[in-house]
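Peer 1: Contents of entry_22.csv (CSV, C-alpha atoms and all ligand atoms):
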```
chain,number,residue,atom,x,y,z
K,11,MET,CA,148.2,3.2,200.0
K,12,ASN,CA,148.1,4.9,196.7
K,13,THR,CA,147.9,8.6,197.6
K,14,LYS,CA,145.8,11.1,195.8
K,15,ASN,CA,147.9,14.3,195.7
K,16,VAL,CA,146.8,17.9,195.5
K,17,SER,CA,147.5,19.3,192.1
K,18,ALA,CA,146.7,22.9,192.8
K,19,VAL,CA,145.5,25.2,195.7
K,20,ILE,CA,143.3,27.9,194.3
K,21,ALA,CA,142.6,31.2,195.9
K,22,PRO,CA,139.1,32.7,195.6
K,23,ALA,CA,138.6,35.1,192.7
K,24,SER,CA,137.3,38.7,193.3
K,25,PRO,CA,133.7,38.4,194.3
K,26,HIS,CA,130.8,39.5,192.1
K,27,PHE,CA,127.0,39.6,192.7
K,28,VAL,CA,124.5,37.2,191.2
K,29,GLY,CA,121.3,39.1,191.3
K,30,ASP,CA,121.5,41.2,194.5
K,31,GLY,CA,121.4,38.3,197.0
K,32,PHE,CA,124.6,36.2,196.3
K,33,ARG,CA,128.1,37.7,196.5
K,34,VAL,CA,130.2,34.9,195.0
K,35,HIS,CA,133.7,33.9,194.1
K,36,ASN,CA,133.5,31.8,191.0
K,37,PHE,CA,135.9,28.8,191.0
K,38,ILE,CA,134.4,26.6,188.2
K,39,PRO,CA,134.6,27.4,185.3
K,40,GLY,CA,136.2,30.8,185.5
K,41,ASN,CA,139.5,29.8,186.9
K,42,PRO,CA,141.7,28.5,184.0
K,43,GLN,CA,142.7,25.5,186.1
K,44,LEU,CA,139.0,24.6,186.8
K,45,HIS,CA,137.4,24.7,183.4
K,46,MET,CA,134.3,22.5,182.7
K,47,GLN,CA,136.2,19.7,180.9
K,48,ARG,CA,138.8,19.4,183.6
K,49,MET,CA,136.2,19.5,186.4
K,50,ASP,CA,133.7,17.1,184.7
K,51,PRO,CA,131.0,16.3,186.1
K,52,PHE,CA,131.2,19.6,188.2
K,53,ILE,CA,130.5,22.4,185.7
K,54,MET,CA,130.0,25.4,187.9
K,55,LEU,CA,130.9,26.3,191.4
K,56,ASP,CA,130.1,29.7,192.9
K,57,TYR,CA,131.0,30.2,196.6
K,58,ASN,CA,129.4,33.0,198.7
K,59,SER,CA,132.1,33.3,201.3
K,60,LYS,CA,130.9,34.7,204.7
K,61,TYR,CA,129.2,38.0,204.0
K,62,THR,CA,126.8,40.1,206.1
K,63,PHE,CA,123.6,41.2,204.4
K,64,PRO,CA,121.8,44.1,206.0
K,65,ALA,CA,118.1,44.0,206.7
K,66,ALA,CA,115.9,44.4,203.6
K,67,PRO,CA,112.2,44.9,203.3
K,68,GLU,CA,112.1,42.8,200.1
K,69,PRO,CA,114.2,39.6,200.0
K,70,ARG,CA,117.3,39.9,197.9
K,71,GLY,CA,118.1,37.2,195.3
K,72,VAL,CA,117.7,36.2,191.7
K,73,GLY,CA,114.4,36.5,189.8
K,74,VAL,CA,112.9,34.0,187.4
K,75,HIS,CA,115.4,32.3,185.0
K,76,PRO,CA,115.6,29.0,183.1
K,77,HIS,CA,118.0,26.0,183.3
K,78,ARG,CA,118.3,22.9,181.2
K,79,GLY,CA,120.6,19.9,181.0
K,80,PHE,CA,122.0,19.7,184.5
K,81,GLU,CA,121.4,20.0,188.3
K,82,THR,CA,121.8,22.9,190.6
K,83,VAL,CA,122.9,22.1,194.2
K,84,THR,CA,122.8,24.7,196.9
K,85,ILE,CA,124.6,24.0,200.2
K,86,ALA,CA,123.7,26.5,202.9
K,87,TYR,CA,126.3,27.1,205.7
K,88,LYS,CA,124.8,30.4,207.0
K,89,GLY,CA,121.5,32.2,206.3
K,90,ARG,CA,118.3,30.9,204.7
K,91,VAL,CA,117.2,30.7,201.1
K,92,GLU,CA,113.9,30.1,199.4
K,93,HIS,CA,113.5,28.5,196.0
K,94,HIS,CA,110.5,28.0,193.7
K,95,ASP,CA,110.5,26.4,190.3
K,96,SER,CA,108.0,25.9,187.5
K,97,ALA,CA,107.9,22.1,188.1
K,98,GLY,CA,106.3,22.7,191.5
K,99,GLY,CA,109.5,22.2,193.4
K,100,GLY,CA,110.5,24.6,196.1
K,101,GLY,CA,111.0,25.2,199.8
K,102,VAL,CA,113.3,26.9,202.3
K,103,ILE,CA,116.7,25.6,203.2
K,104,GLY,CA,118.6,26.9,206.2
K,105,GLU,CA,121.9,26.4,207.9
K,106,GLY,CA,123.3,22.9,207.2
K,107,ASP,CA,120.6,22.0,204.6
K,108,VAL,CA,121.0,21.2,200.9
K,109,GLN,CA,118.7,21.8,198.0
K,110,TRP,CA,119.2,19.6,195.0
K,111,MET,CA,117.3,20.7,191.9
K,112,THR,CA,117.3,18.6,188.7
K,113,ALA,CA,116.6,21.0,185.9
K,114,ALA,CA,117.0,18.3,183.3
K,115,SER,CA,114.5,19.0,180.4
K,116,GLY,CA,114.0,22.5,181.8
K,117,VAL,CA,112.6,24.6,184.6
K,118,LEU,CA,112.2,28.2,185.4
K,119,HIS,CA,113.2,29.0,189.0
K,120,LYS,CA,113.9,31.9,191.3
K,121,GLU,CA,116.2,32.0,194.3
K,122,HIS,CA,115.9,34.5,197.2
K,123,HIS,CA,116.8,35.0,200.8
K,124,GLU,CA,114.0,33.6,202.9
K,125,LYS,CA,111.4,36.3,203.7
K,126,GLU,CA,111.7,36.4,207.5
K,127,TRP,CA,115.5,36.0,207.4
K,128,ALA,CA,115.7,38.9,204.9
K,129,LYS,CA,113.9,41.2,207.3
K,130,THR,CA,116.8,41.0,209.8
K,131,GLY,CA,119.6,40.0,207.5
K,132,GLY,CA,122.8,38.6,208.9
K,133,GLU,CA,125.7,36.4,208.1
K,134,PHE,CA,125.3,34.5,204.8
K,135,GLN,CA,127.5,31.7,203.4
K,136,MET,CA,126.5,29.3,200.6
K,137,VAL,CA,127.9,27.1,197.8
K,138,GLN,CA,126.1,26.7,194.5
K,139,LEU,CA,127.3,23.9,192.4
K,140,TRP,CA,126.1,22.7,189.0
K,141,VAL,CA,126.4,19.0,188.3
K,142,ASN,CA,126.2,17.9,184.7
K,143,LEU,CA,123.8,15.3,183.4
K,144,PRO,CA,124.8,12.6,180.9
K,145,ALA,CA,123.2,13.0,177.4
K,146,LYS,CA,120.6,10.2,178.1
K,147,ASP,CA,119.3,12.1,181.2
K,148,LYS,CA,119.5,15.7,180.0
K,149,MET,CA,115.8,15.7,178.8
K,150,SER,CA,114.4,13.7,181.7
K,151,VAL,CA,111.7,15.0,184.0
K,152,PRO,CA,112.8,17.8,186.4
K,153,LYS,CA,112.9,16.9,190.1
K,154,TYR,CA,113.6,18.5,193.5
K,155,GLN,CA,115.2,17.1,196.6
K,156,ALA,CA,115.2,19.0,199.8
K,157,ILE,CA,117.9,17.4,202.0
K,158,GLU,CA,117.7,18.6,205.6
K,159,ASN,CA,120.6,18.5,207.9
K,160,ALA,CA,119.0,15.9,210.1
K,161,GLN,CA,118.7,13.4,207.2
K,162,MET,CA,122.4,13.5,206.5
K,163,LEU,CA,124.3,10.6,207.9
K,164,ARG,CA,127.1,11.4,210.4
K,165,VAL,CA,130.1,9.2,210.3
K,166,ASP,CA,132.9,9.6,212.8
K,167,ALA,CA,136.2,11.0,211.5
K,168,ASP,CA,139.5,9.3,212.4
K,169,ARG,CA,140.0,11.9,215.1
K,170,ASN,CA,138.0,14.7,216.7
K,171,GLY,CA,135.2,15.3,214.2
K,172,TYR,CA,132.7,13.8,211.8
K,173,ILE,CA,131.7,13.5,208.2
K,174,GLU,CA,128.2,14.7,207.2
K,175,LEU,CA,127.3,12.7,204.2
K,176,ILE,CA,125.1,14.3,201.5
K,177,ALA,CA,125.5,12.0,198.5
K,178,GLY,CA,127.4,8.9,197.6
K,179,ASP,CA,129.2,7.0,200.3
K,180,TYR,CA,131.8,7.2,203.0
K,181,LYS,CA,133.3,4.2,204.7
K,182,GLY,CA,130.4,2.0,203.6
K,183,GLN,CA,127.6,4.4,204.6
K,184,LYS,CA,125.3,6.0,202.1
K,185,GLY,CA,124.1,9.7,201.9
K,186,PRO,CA,120.5,10.7,201.3
K,187,ALA,CA,120.7,12.5,197.9
K,188,SER,CA,120.0,10.5,194.7
K,189,THR,CA,122.4,11.3,191.8
K,190,PHE,CA,122.4,10.3,188.1
K,191,THR,CA,126.1,9.5,187.9
K,192,PRO,CA,128.4,8.5,190.8
K,193,ILE,CA,129.0,11.5,193.0
K,194,HIS,CA,130.3,11.7,196.6
K,195,MET,CA,129.5,14.9,198.5
K,196,MET,CA,130.1,15.5,202.1
K,197,ASN,CA,131.2,18.0,204.7
K,198,ALA,CA,134.0,17.2,207.0
K,199,LYS,CA,133.5,19.0,210.4
K,200,LEU,CA,136.6,18.8,212.5
K,201,GLY,CA,137.8,20.2,215.7
K,202,LYS,CA,141.3,21.6,216.1
K,203,GLY,CA,143.6,18.7,215.5
K,204,GLY,CA,140.8,16.6,213.9
K,205,ARG,CA,141.7,14.3,211.1
K,206,ALA,CA,139.7,12.5,208.4
K,207,SER,CA,140.7,10.1,205.6
K,208,PHE,CA,139.1,9.6,202.2
K,209,GLU,CA,139.3,7.1,199.4
K,210,PHE,CA,137.8,7.7,195.9
K,211,PRO,CA,138.4,5.9,192.6
K,212,PRO,CA,141.6,7.3,191.0
K,213,ASN,CA,139.9,8.7,187.9
K,214,TYR,CA,137.2,10.7,189.8
K,215,THR,CA,137.4,14.5,189.7
K,216,THR,CA,138.0,15.4,193.3
K,217,LEU,CA,138.2,18.7,195.2
K,218,ALA,CA,138.0,20.1,198.7
K,219,LEU,CA,136.7,23.6,199.5
K,220,VAL,CA,137.6,25.0,202.9
K,221,ILE,CA,134.5,26.7,204.3
K,222,GLU,CA,136.0,27.4,207.8
K,223,GLY,CA,139.4,27.1,209.4
K,224,ASP,CA,142.7,25.9,208.0
K,225,ILE,CA,143.7,22.4,206.9
K,226,LEU,CA,146.7,20.4,206.0
K,227,VAL,CA,146.2,17.8,203.2
K,228,ASN,CA,148.3,14.7,203.2
K,229,GLN,CA,150.3,16.3,205.9
K,230,ALA,CA,151.9,18.5,203.3
K,231,ASP,CA,149.7,21.0,201.5
K,232,LYS,CA,148.2,23.9,203.6
K,233,VAL,CA,144.8,25.1,202.4
K,234,ALA,CA,143.3,28.2,204.1
K,235,ALA,CA,139.7,29.2,204.5
K,236,ASP,CA,137.9,30.0,201.2
K,237,HIS,CA,140.5,28.2,199.2
K,238,LEU,CA,140.0,25.2,197.0
K,239,ALA,CA,142.3,22.2,196.7
K,240,LEU,CA,142.1,20.3,193.4
K,241,PHE,CA,143.4,16.7,193.4
K,242,ASP,CA,145.0,14.7,190.6
K,243,ASN,CA,142.8,12.3,188.7
K,244,LYS,CA,145.0,9.5,189.8
K,245,GLY,CA,145.8,8.0,193.2
K,246,SER,CA,142.9,7.3,195.5
K,247,ALA,CA,143.5,8.1,199.2
K,248,PHE,CA,144.1,11.3,201.0
K,249,THR,CA,143.8,12.8,204.5
K,250,ILE,CA,142.9,16.2,205.9
K,251,GLU,CA,143.9,17.6,209.2
K,252,ALA,CA,142.4,20.6,210.8
K,253,THR,CA,145.1,23.0,212.1
K,254,GLU,CA,142.1,25.0,213.5
K,255,GLU,CA,138.4,24.1,213.8
K,256,ALA,CA,137.4,23.4,210.2
K,257,VAL,CA,134.5,22.7,207.8
K,258,VAL,CA,135.5,21.3,204.5
K,259,LEU,CA,133.3,20.5,201.5
K,260,ILE,CA,134.6,17.4,199.7
K,261,LEU,CA,133.4,16.5,196.2
K,262,SER,CA,134.3,13.6,194.1
K,263,GLY,CA,132.6,12.5,190.9
K,264,LEU,CA,133.0,10.2,187.9
K,265,PRO,CA,133.7,12.2,184.8
K,266,ILE,CA,130.8,11.9,182.3
K,267,ALA,CA,133.3,12.2,179.4
K,268,GLU,CA,130.9,13.6,176.8
K,269,PRO,CA,131.1,16.8,174.8
K,270,ILE,CA,130.0,19.9,176.8
K,271,PHE,CA,128.3,22.7,175.0
K,272,ALA,CA,127.3,25.4,177.5
K,273,HIS,CA,125.6,28.7,176.9
K,274,GLY,CA,124.3,30.9,179.8
K,275,PRO,CA,121.8,28.8,181.8
K,276,PHE,CA,121.8,25.8,179.4
K,277,VAL,CA,124.4,23.0,179.4
K,278,MET,CA,124.0,20.5,176.5
K,279,ASN,CA,126.2,18.3,174.3
K,280,ASN,CA,126.2,20.4,171.1
K,281,ARG,CA,125.2,23.7,169.5
K,282,ASP,CA,121.9,22.4,168.0
K,283,GLU,CA,120.7,21.4,171.4
K,284,ILE,CA,121.4,24.9,172.7
K,285,VAL,CA,119.6,26.5,169.8
K,286,GLN,CA,116.7,24.2,170.7
K,287,ALA,CA,116.8,25.2,174.3
K,288,PHE,CA,116.5,28.9,173.5
K,289,GLU,CA,113.6,28.1,171.1
K,290,ASP,CA,111.8,26.0,173.7
K,291,TYR,CA,112.3,28.7,176.3
K,292,ASN,CA,111.0,31.4,174.0
K,293,ASN,CA,108.0,29.2,173.2
K,294,GLY,CA,107.1,28.9,176.8
K,295,LYS,CA,108.0,25.2,177.0
K,296,PHE,CA,109.7,25.6,180.4
K,297,GLY,CA,106.3,26.3,182.0
K,298,TYR,CA,105.4,29.4,184.0
K,299,LEU,CA,106.5,30.9,187.2
K,300,GLU,CA,105.3,34.1,188.8
K,301,ASP,CA,108.0,36.7,189.4
U,1,MN,MN,119.5,29.3,188.9
```
Have the structure of the file written as C-alpha cells, please.
Peer 2:
Amino acid sequence: MNTKNVSAVIAPASPHFVGDGFRVHNFIPGNPQLHMQRMDPFIMLDYNSKYTFPAAPEPRGVGVHPHRGFETVTIAYKGRVEHHDSAGGGGVIGEGDVQWMTAASGVLHKEHHEKEWAKTGGEFQMVQLWVNLPAKDKMSVPKYQAIENAQMLRVDADRNGYIELIAGDYKGQKGPASTFTPIHMMNAKLGKGGRASFEFPPNYTTLALVIEGDILVNQADKVAADHLALFDNKGSAFTIEATEEAVVLILSGLPIAEPIFAHGPFVMNNRDEIVQAFEDYNNGKFGYLED
C-alpha cells in the first residue's frame, strides 16, 4: 500500500479571542506551514481547545458580520452555539453536531453561545473551518445545513472504535453533508488501543487534528491532544492508533487550484472581486440581520 506520510506535526499557537465567545488557536492560515495555498481547499481553521466559560447573563460570541465566497463549518465537541444569518438560516448546535453554512454570494451572520447554556457556562470546545468555493460557485445562493450527530453515519474502525462520517465517504459509506468540491470530513472516536485506517487520493490536502487523547500515525509519528498532523499530498493510505482514548478530526479535500484573494471576511479569486464585495456590503446587498 502506498503510504501517506505525515509531513509536519504542528503545535497550537497561543490562543486569542474571536469576539468574546471563542478562545481559539489559529492553525490555518496563520502557521507558515499551513497557508491558504498549501491547505487548499481549507482556507481557515480556528480551534477552540477545551476552555471553561463562566456563567454569563448575555450570551458571549461574535456579533453581526459578513462573509462571501466560501463556507463556514462549525464542529461542536463541547458546549452549545446558536447561529443566525440574513438568508434565514440558523439554529442551535450542541455536542457532536455540525453547522455547515454556505456564505457563497454573501450573508450576514452572528454566532453566540446558546442562551440557556450561556447562563450556566461550562466546558466549551469547537472547531471552525472555512472551506473555499470554486470560482463558479462563489456567487451562488447561500445555504445552511444543520447536521445533527444522529444523522452522521457510524462506521466501525479496524479495532476498538468507530468513524463518525460528516461529509464525503469512508469505506464505501457516505456522510450527510453536501459539498461543492470533493471533501471527506469525519471524526475518529477510538478507545485506548483503537485503530483506524484511511485512504484518500494522493493529491488531496489531508490533515488530522487531535481533539482528545494521543495518537500514533502510521505507527511512527506521535501526535498529542490539540496538535495537528499535516500529510504529504502524495501517497494515499495511513493509519491512526489511539495510545489513549482519542477523538480525531480527519479532513481531506481536493485542491481547487484557483487563485485565492482573501481580505477579512471575504475570500475571492482576485482584487476586483474583493473591492466589489466591500461595495456590495456597504450598499446593503448582503441583506439585513438584527444585532
Ligand atoms: Mn463568521
Peer 1: List as an MDAnalysis selection string the protein and nucleic acid residues near region 219-223 of chain K, meaning an atom at most 9 Å away when all atoms listed in the file are counted, but skip any in the same chain fewer than 3 places from it.
Peer 2: chainID K and resid 59:60 87 135 202 233:240 252:261
Peer 1: Closest to Phe271 (chain K) among K:Glu283, K:Glu158, K:Asp231, K:Glu105, using all atoms listed in the file?
Peer 2: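 Closest to Phe271 (chain K), using all atoms listed in the file: K:Glu283.
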Peer 1: Around (113.8, 24.4, 191.9) in the file's frame, which residues reach within 10 Å when counting only C-alpha atoms? Return as a PyMOL selection string?
Peer 2: chain K and resi 77+81-83+92-101+109-113+117-121+152-156
Peer 1: Generate a file of the selected residues that holds C-alpha atoms, formatted as an mmCIF file, in the frame of the given file.
Peer 2:
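Wrote it out as part.cif, contents follow:
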```cif
data_model
loop_
_atom_site.group_PDB
_atom_site.id
_atom_site.type_symbol
_atom_site.label_atom_id
_atom_site.label_comp_id
_atom_site.auth_asym_id
_atom_site.auth_seq_id
_atom_site.Cartn_x
_atom_site.Cartn_y
_atom_site.Cartn_z
ATOM 1 C CA HIS K 77 118.000 26.000 183.300
ATOM 2 C CA GLU K 81 121.400 20.000 188.300
ATOM 3 C CA THR K 82 121.800 22.900 190.600
ATOM 4 C CA VAL K 83 122.900 22.100 194.200
ATOM 5 C CA GLU K 92 113.900 30.100 199.400
ATOM 6 C CA HIS K 93 113.500 28.500 196.000
ATOM 7 C CA HIS K 94 110.500 28.000 193.700
ATOM 8 C CA ASP K 95 110.500 26.400 190.300
ATOM 9 C CA SER K 96 108.000 25.900 187.500
ATOM 10 C CA ALA K 97 107.900 22.100 188.100
ATOM 11 C CA GLY K 98 106.300 22.700 191.500
ATOM 12 C CA GLY K 99 109.500 22.200 193.400
ATOM 13 C CA GLY K 100 110.500 24.600 196.100
ATOM 14 C CA GLY K 101 111.000 25.200 199.800
ATOM 15 C CA GLN K 109 118.700 21.800 198.000
ATOM 16 C CA TRP K 110 119.200 19.600 195.000
ATOM 17 C CA MET K 111 117.300 20.700 191.900
ATOM 18 C CA THR K 112 117.300 18.600 188.700
ATOM 19 C CA ALA K 113 116.600 21.000 185.900
ATOM 20 C CA VAL K 117 112.600 24.600 184.600
ATOM 21 C CA LEU K 118 112.200 28.200 185.400
ATOM 22 C CA HIS K 119 113.200 29.000 189.000
ATOM 23 C CA LYS K 120 113.900 31.900 191.300
ATOM 24 C CA GLU K 121 116.200 32.000 194.300
ATOM 25 C CA PRO K 152 112.800 17.800 186.400
ATOM 26 C CA LYS K 153 112.900 16.900 190.100
ATOM 27 C CA TYR K 154 113.600 18.500 193.500
ATOM 28 C CA GLN K 155 115.200 17.100 196.600
ATOM 29 C CA ALA K 156 115.200 19.000 199.800
#
```
Peer 1: List the residues sitting within 12 Å of (114.3, 33.4, 194.6) in the file's frame, using all atoms listed in the file, as a PDB file with C-alpha atoms, keeping the file's coordinate frame.
Peer 2:
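Just written: result_15.pdb:
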```pdb
ATOM      1  CA  VAL K  28     124.500  37.200 191.200  1.00  0.00           C
ATOM      2  CA  GLY K  29     121.300  39.100 191.300  1.00  0.00           C
ATOM      3  CA  ASP K  30     121.500  41.200 194.500  1.00  0.00           C
ATOM      4  CA  GLY K  31     121.400  38.300 197.000  1.00  0.00           C
ATOM      5  CA  PHE K  32     124.600  36.200 196.300  1.00  0.00           C
ATOM      6  CA  GLU K  68     112.100  42.800 200.100  1.00  0.00           C
ATOM      7  CA  PRO K  69     114.200  39.600 200.000  1.00  0.00           C
ATOM      8  CA  ARG K  70     117.300  39.900 197.900  1.00  0.00           C
ATOM      9  CA  GLY K  71     118.100  37.200 195.300  1.00  0.00           C
ATOM     10  CA  VAL K  72     117.700  36.200 191.700  1.00  0.00           C
ATOM     11  CA  GLY K  73     114.400  36.500 189.800  1.00  0.00           C
ATOM     12  CA  VAL K  74     112.900  34.000 187.400  1.00  0.00           C
ATOM     13  CA  HIS K  75     115.400  32.300 185.000  1.00  0.00           C
ATOM     14  CA  ARG K  90     118.300  30.900 204.700  1.00  0.00           C
ATOM     15  CA  VAL K  91     117.200  30.700 201.100  1.00  0.00           C
ATOM     16  CA  GLU K  92     113.900  30.100 199.400  1.00  0.00           C
ATOM     17  CA  HIS K  93     113.500  28.500 196.000  1.00  0.00           C
ATOM     18  CA  HIS K  94     110.500  28.000 193.700  1.00  0.00           C
ATOM     19  CA  ASP K  95     110.500  26.400 190.300  1.00  0.00           C
ATOM     20  CA  GLY K 100     110.500  24.600 196.100  1.00  0.00           C
ATOM     21  CA  GLY K 101     111.000  25.200 199.800  1.00  0.00           C
ATOM     22  CA  VAL K 102     113.300  26.900 202.300  1.00  0.00           C
ATOM     23  CA  ILE K 103     116.700  25.600 203.200  1.00  0.00           C
ATOM     24  CA  LEU K 118     112.200  28.200 185.400  1.00  0.00           C
ATOM     25  CA  HIS K 119     113.200  29.000 189.000  1.00  0.00           C
ATOM     26  CA  LYS K 120     113.900  31.900 191.300  1.00  0.00           C
ATOM     27  CA  GLU K 121     116.200  32.000 194.300  1.00  0.00           C
ATOM     28  CA  HIS K 122     115.900  34.500 197.200  1.00  0.00           C
ATOM     29  CA  HIS K 123     116.800  35.000 200.800  1.00  0.00           C
ATOM     30  CA  GLU K 124     114.000  33.600 202.900  1.00  0.00           C
ATOM     31  CA  LYS K 125     111.400  36.300 203.700  1.00  0.00           C
ATOM     32  CA  ALA K 128     115.700  38.900 204.900  1.00  0.00           C
ATOM     33  CA  LEU K 299     106.500  30.900 187.200  1.00  0.00           C
ATOM     34  CA  GLU K 300     105.300  34.100 188.800  1.00  0.00           C
ATOM     35  CA  ASP K 301     108.000  36.700 189.400  1.00  0.00           C
TER      36      ASP K 301
END
```
Peer 1: Hey, which of K:Pro51, K:Ile176, K:Gly203, K:Tyr57 ends up closest to Phe27 (chain K)? Count only C-alpha atoms.
Peer 2: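 The closest residue to Phe27 (chain K) is K:Tyr57.
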Peer 1: Set the distance at 6 Å and use all atoms listed in the file: which residues neighbour Leu226 (chain K) once local chain neighbours fewer than 5 positions away are removed? I'd like the list as number ranges by chain.
Peer 2: K: 231-232, 250-251
Peer 1: Neighbouring residues of Thr191 (chain K) were defined as those with any atom within 10 Å, considering all atoms listed in the file; residues of the same chain fewer than 3 positions away were excluded. Please report them as a list in words.
Peer 2: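 Using all atoms listed in the file, the neighbours found are Pro51, Val141, Asn142, Leu143, Pro144, Asp147, Gly178, Ser188, His194, Gly263, Leu264, Pro265 and Ile266 of chain K.
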Peer 1: When you count all atoms listed in the file, which of these residues is closest to ligand MN 1 (chain U): K:Gly116, K:Val19, K:Asn12, K:Gly201?
Peer 2: K:Gly116
Peer 1: Determine the nearest neighbour of ligand MN 1 (chain U) from the options K:Pro186, K:Pro275, K:Pro39, K:Gly204, counting all atoms listed in the file.
Peer 2: K:Pro275
Peer 1: Take CA of Trp127 (chain K) and CA of Pro67 (chain K) and report the distance between them in Å, one decimal.
Peer 2: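 One can read the CA of Trp127 (chain K) to CA of Pro67 (chain K) distance as 10.3 Å.
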Peer 1: Given only C-alpha atoms as the basis, pick out the residue of K:Lys148, K:Val285, K:Asp168, K:Met196 nearest to Asp107 (chain K).
Peer 2: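 For Asp107 (chain K), the nearest of the given residues is K:Met196.
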Peer 1: I need the residue nearest ligand MN 1 (chain U) from this list: K:Gly274, K:Gly40, K:Ala167, K:Glu174. Use only C-alpha atoms and all ligand atoms for the distance.
Peer 2: K:Gly274
